[in-house]
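In what follows, a single structure is set out as structure tokens and then discussed.
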Amino acid sequence: MNIGVLALQGAVTEHIISIEKTGAQGLPVKRVEQLEEIQGLIIPGGESTTIGKLMRKYGFIEAIRNFSNQGKPIFGTCAGMIVLAKRIAGDEAAHLELMDITVARNAFGRQRESFECDLDVKGINEPVRAVFIRAPLISEVGPGVDVLTVYNNEIVTARQDNLLVSSFHPELTDDYRLHQYFADMVEARAAAKQ
Amino acid sequence: METGTSRVKRGMAEMQKGGVIMDVMNAEQAKIAEAAGAVAVMALERVPSDIRAAGGVARMADPTIVEEVLKVVSIPVMAKARIGHYVEAKVLESLGVDYLDESEVLTPADEVFHIDKREFTVPFVCGAKDLGEALRRINEGASMIRTKGEPGTGNIVEAVRHMRFINSQIRKVTGLSKDELYNEAKTLGVPYELLLEVHELGKLPVVNFAAGGVATPADAALMMHLGADGVFVGSGIFKSDNPEKFARAIVEATTHFTDYKLIAEVSKNLGTPMKGIDIATLTPAERMSERGR
């Protein structure tokens, strides 16, 4: 099973290391053709404005929408969550417009307000260490969205069918359970197709 | 809930990987940089080539410039404090700057001691020209390293030298046996534990960017080819004829640093890059990379 990590900018290697711990093969994705070789895609943390611009420039918007429309799973962390959202709070234009959520960027403040803590994620037994870096949060969810984690009354992890998003960075810890959760989604989808 | 942990500070630099951090001198330039796809901007009063030309003592930027830039962009904002200038760093932190550069581009405030960066909530980036400097800065709490290069020259040769040297030193450390590491730590003037980490990881424990002399898209791609995690561009962009186009081209060349056709494409009709200086013509006192060991 191949899981790609969109490698336009951001913390790509960390996700590849984490996803390979689940037994899947990790693959940096720099061009749209590579989407053919993978069964699931991770959109990493980084700067969402930069990633969004480069996605437009290289034809990733349509290509990733098609990928998602085939039911193939996508996992967005931090900036990845922002680019997956249908709506971005403020007057900023959304990018992939795939997931029925509204995200607020830099919602916890600037870098000095960035933090880590332990959080419960629905579907995972023990709490996970959540690292928030100039993180966004989910300010609204549509009816089809399952909320997986709430921190201080704010939604920070959610799932809608084949789409999984988190405000924090599981790839910065040695805890691979959220990646395992995603790998299981990819495996389930691949099994259903056969 | 914990703020300012090593993971939060180093993680911030991880998010910048594969990106370009651009020097800007006002809000308008900051917006151009953000629109071109910069992952962060460095708010300065003068770019390094102007600092060189002006001479005298170069200090932290006027807080008005920093505040102005903080207001207009949503990407992270960095700013420079002088080496050893604890108060400049505290002032910049109080303004809400996302990352501090304890930088040899400014005139050092302390010829011996660097800032104790561990006690800050905001992360620091520091310059290094060899592994010893890099690990000493990390030991003081730096969360990100960049090559010193020779800022404001538009000449990539020093950044190349520093990146190659650091990488060759890391390769050597990786090949040493554990009992040889003690002596190597002594020779380099660094803590044994940090050197052991490099020995095990085969790389620095923090992100390592290229800086100091990047003037063209091909320069940026060259530094990525040599193993940089990303690129700082100082004078290169806003000293070129067409900053907007130039900035976009450098961003694309950094992302696709092995796609030479694409680099050729983005390099077309960029106009004149900054003029540049032959390093051999600099006197030792004019070499910023000699500041801060």
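Ordering of the structure tokens sets the chain letters (A, B, ...); residue numbers start at 1 within each chain; ligands are numbered from 1 in the order shown.
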
When DSSP works through the backbone of this structure, what residues of stretch 25-106 of chain A end up as strand (DSSP E or B), shown as a PDB file with C-alpha atoms, in the first residue's frame?
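out_29.pdb was written with the following content:
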ATOM      1  CA  GLN A  25       5.084   2.714   1.849  1.00  0.00           C
ATOM      2  CA  GLY A  26       5.544   6.515   2.018  1.00  0.00           C
ATOM      3  CA  LEU A  27       6.030   8.480  -1.178  1.00  0.00           C
ATOM      4  CA  PRO A  28       6.753  12.206  -1.630  1.00  0.00           C
ATOM      5  CA  VAL A  29       4.376  13.575  -4.285  1.00  0.00           C
ATOM      6  CA  GLY A  40      -4.029   7.616   0.139  1.00  0.00           C
ATOM      7  CA  LEU A  41      -2.633  11.159   0.375  1.00  0.00           C
ATOM      8  CA  ILE A  42      -1.340  13.231   3.286  1.00  0.00           C
ATOM      9  CA  ILE A  43      -1.249  17.004   2.943  1.00  0.00           C
ATOM     10  CA  ILE A  74      -6.831  12.243   2.334  1.00  0.00           C
ATOM     11  CA  PHE A  75      -5.355  13.335   5.670  1.00  0.00           C
ATOM     12  CA  GLY A  76      -4.599  17.032   6.197  1.00  0.00           C
ATOM     13  CA  THR A  77      -2.581  18.285   9.170  1.00  0.00           C
ATOM     14  CA  ALA A  85     -11.617  23.101   3.935  1.00  0.00           C
ATOM     15  CA  LYS A  86     -14.613  24.379   1.997  1.00  0.00           C
ATOM     16  CA  ARG A  87     -14.428  27.700   3.817  1.00  0.00           C
ATOM     17  CA  ILE A  88     -11.702  29.798   5.424  1.00  0.00           C
ATOM     18  CA  MET A  99     -14.433  19.106   3.363  1.00  0.00           C
ATOM     19  CA  ASP A 100     -17.567  20.683   4.781  1.00  0.00           C
ATOM     20  CA  ILE A 101     -15.829  22.718   7.480  1.00  0.00           C
ATOM     21  CA  THR A 102     -14.875  26.332   8.116  1.00  0.00           C
ATOM     22  CA  VAL A 103     -11.342  26.843   9.428  1.00  0.00           C
ATOM     23  CA  ALA A 104      -9.892  29.844  11.216  1.00  0.00           C
TER      24      ALA A 104
END

At most 6 Å is the cut-off: for each residue in chain A with any atom that close to an atom of chain B, write down the nearest atom pair and the distance in Å rounded to one decimal, counting only C-alpha atoms, chain first then increasing number, as CSV.
residue,atom,partner,partner_atom,distance
A:Leu8,CA,B:Thr255,CA,5.9
A:Gln9,CA,B:Gly18,CA,4.8
A:Gly10,CA,B:Met15,CA,4.7
A:Ala11,CA,B:Met15,CA,5.2
A:Gly45,CA,B:Met15,CA,5.8
A:Gly46,CA,B:Met15,CA,4.3
A:Glu47,CA,B:Val39,CA,5.7
A:Thr50,CA,B:Gly37,CA,4.5
A:Gln111,CA,B:Asp98,CA,4.9
A:Arg112,CA,B:Val122,CA,5.2
A:Ser114,CA,B:Thr3,CA,5.8
A:Phe115,CA,B:Thr3,CA,4.2
A:Glu116,CA,B:Glu2,CA,5.4
A:Cys117,CA,B:Met1,CA,4.7

Put those residues in a file: all heavy atoms, as a short mmCIF file (atom, residue, chain, number, x, y, z; two decimals), in the first residue's frame.
data_model
loop_
_atom_site.label_atom_id
_atom_site.label_comp_id
_atom_site.auth_asym_id
_atom_site.auth_seq_id
_atom_site.Cartn_x
_atom_site.Cartn_y
_atom_site.Cartn_z
N LEU A 8 5.16 19.75 -1.79
CA LEU A 8 5.40 21.06 -2.40
C LEU A 8 6.14 21.96 -1.42
O LEU A 8 7.00 22.75 -1.79
CB LEU A 8 4.08 21.70 -2.81
CG LEU A 8 3.33 20.94 -3.91
CD1 LEU A 8 1.98 21.58 -4.18
CD2 LEU A 8 4.17 20.89 -5.19
N GLN A 9 5.80 21.83 -0.15
CA GLN A 9 6.47 22.59 0.91
C GLN A 9 5.96 22.05 2.24
O GLN A 9 4.82 21.61 2.33
CB GLN A 9 6.13 24.09 0.80
CG GLN A 9 6.95 25.02 1.69
CD GLN A 9 6.34 25.21 3.07
OE1 GLN A 9 5.14 25.40 3.19
NE2 GLN A 9 7.15 25.13 4.10
N GLY A 10 6.83 22.07 3.27
CA GLY A 10 6.38 21.70 4.60
C GLY A 10 7.06 20.46 5.16
O GLY A 10 8.08 20.01 4.65
N ALA A 11 6.47 19.92 6.24
CA ALA A 11 7.08 18.81 6.99
C ALA A 11 6.77 17.48 6.32
O ALA A 11 5.96 16.70 6.80
CB ALA A 11 6.59 18.83 8.43
N GLY A 45 1.75 19.76 7.18
CA GLY A 45 1.83 21.12 7.70
C GLY A 45 2.88 21.89 6.94
O GLY A 45 3.79 21.30 6.35
N GLY A 46 2.76 23.18 6.96
CA GLY A 46 3.66 24.06 6.23
C GLY A 46 2.98 25.41 6.22
O GLY A 46 2.20 25.70 7.13
N GLU A 47 3.22 26.20 5.20
CA GLU A 47 2.48 27.46 5.10
C GLU A 47 1.36 27.26 4.07
O GLU A 47 1.63 27.00 2.90
CB GLU A 47 3.41 28.61 4.70
CG GLU A 47 4.22 29.13 5.86
CD GLU A 47 3.37 29.44 7.10
OE1 GLU A 47 2.30 30.08 6.97
OE2 GLU A 47 3.76 29.03 8.20
N THR A 50 1.54 29.25 0.83
CA THR A 50 2.56 28.75 -0.11
C THR A 50 2.08 27.46 -0.78
O THR A 50 2.13 27.33 -2.01
CB THR A 50 3.88 28.47 0.65
OG1 THR A 50 4.25 29.64 1.36
CG2 THR A 50 4.98 28.06 -0.30
N GLN A 111 3.40 32.42 17.10
CA GLN A 111 4.27 31.32 17.52
C GLN A 111 4.45 31.25 19.03
O GLN A 111 4.48 30.18 19.60
CB GLN A 111 5.63 31.45 16.81
CG GLN A 111 6.68 30.44 17.25
CD GLN A 111 6.26 29.00 17.06
OE1 GLN A 111 5.39 28.68 16.25
NE2 GLN A 111 6.86 28.10 17.84
N ARG A 112 4.57 32.41 19.71
CA ARG A 112 4.80 32.34 21.16
C ARG A 112 3.63 31.68 21.88
O ARG A 112 3.77 31.19 23.00
CB ARG A 112 5.10 33.73 21.73
CG ARG A 112 3.95 34.69 21.59
CD ARG A 112 4.27 36.09 22.15
NE ARG A 112 3.17 36.98 21.81
CZ ARG A 112 3.22 38.29 21.87
NH1 ARG A 112 4.34 38.89 22.25
NH2 ARG A 112 2.19 39.02 21.56
N SER A 114 2.06 29.06 20.60
CA SER A 114 2.03 27.66 20.18
C SER A 114 2.31 26.76 21.38
O SER A 114 3.04 27.15 22.28
CB SER A 114 3.07 27.42 19.08
OG SER A 114 2.72 28.15 17.93
N PHE A 115 1.73 25.54 21.39
CA PHE A 115 1.80 24.72 22.60
C PHE A 115 1.64 23.24 22.29
O PHE A 115 1.32 22.87 21.16
CB PHE A 115 0.68 25.15 23.57
CG PHE A 115 -0.71 24.92 23.01
CD1 PHE A 115 -1.44 23.80 23.36
CD2 PHE A 115 -1.27 25.83 22.13
CE1 PHE A 115 -2.72 23.58 22.84
CE2 PHE A 115 -2.55 25.61 21.59
CZ PHE A 115 -3.27 24.49 21.95
N GLU A 116 1.87 22.42 23.30
CA GLU A 116 1.54 20.99 23.18
C GLU A 116 0.79 20.54 24.42
O GLU A 116 0.94 21.11 25.50
CB GLU A 116 2.80 20.15 22.96
CG GLU A 116 3.93 20.34 23.94
CD GLU A 116 5.11 19.42 23.62
OE1 GLU A 116 4.96 18.20 23.76
OE2 GLU A 116 6.19 19.93 23.24
N CYS A 117 -0.05 19.52 24.26
CA CYS A 117 -0.83 18.99 25.38
C CYS A 117 -1.35 17.60 25.00
O CYS A 117 -1.22 17.17 23.86
CB CYS A 117 -2.00 19.91 25.70
SG CYS A 117 -3.18 20.06 24.36
#

### Query
What does the distance between atom CA of B:Arg46 and atom CA of B:Lys90 come to in Å, to one decimal place?
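Atom CA of B:Lys90 lies 20.5 Å from atom CA of B:Arg46.
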
### Message
For stretch 198-200 of chain B, find every residue with an atom within 12 Å (counting only C-alpha atoms), except residues of its own chain fewer than 6 positions away, and show them as a list in words.
### Response
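What passes the distance filter is Leu131, Gly132, Ala134, Leu135, Ile138, Ile166, Asn167, Gln169, Ile170, Arg171, Lys172, Val173, Thr174, Gly175, Leu176, Ser177, Lys178, Asp179, Glu180, Leu181, Tyr182, Glu184, Ala185, Val190, Pro191, Tyr192 and Val206 of chain B.
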
### Task
Please provide the set of residues having any atom within 10 Å of B:Gln29, restricted to only C-alpha atoms, with same-chain residues fewer than 5 positions apart removed, written as a PyMOL selection string.
chain B and resi 22-24+34-35+41+43+69+237-238+243-244

Dump as an mmCIF file, in the first residue's frame, selection limited to C-alpha atoms:
data_model
loop_
_atom_site.group_PDB
_atom_site.id
_atom_site.type_symbol
_atom_site.label_atom_id
_atom_site.label_comp_id
_atom_site.auth_asym_id
_atom_site.auth_seq_id
_atom_site.Cartn_x
_atom_site.Cartn_y
_atom_site.Cartn_z
ATOM 1 C CA MET B 22 12.484 36.614 2.304
ATOM 2 C CA ASP B 23 13.979 39.824 3.715
ATOM 3 C CA VAL B 24 11.533 42.733 3.577
ATOM 4 C CA GLU B 34 3.626 36.593 0.748
ATOM 5 C CA ALA B 35 1.868 36.767 -2.613
ATOM 6 C CA VAL B 41 9.355 37.159 5.944
ATOM 7 C CA ALA B 43 11.406 42.264 8.785
ATOM 8 C CA VAL B 69 4.834 43.831 8.738
ATOM 9 C CA ILE B 237 14.878 39.839 -4.206
ATOM 10 C CA PHE B 238 14.267 43.486 -3.502
ATOM 11 C CA PRO B 243 11.129 41.679 -7.215
ATOM 12 C CA GLU B 244 7.716 40.072 -7.696
#
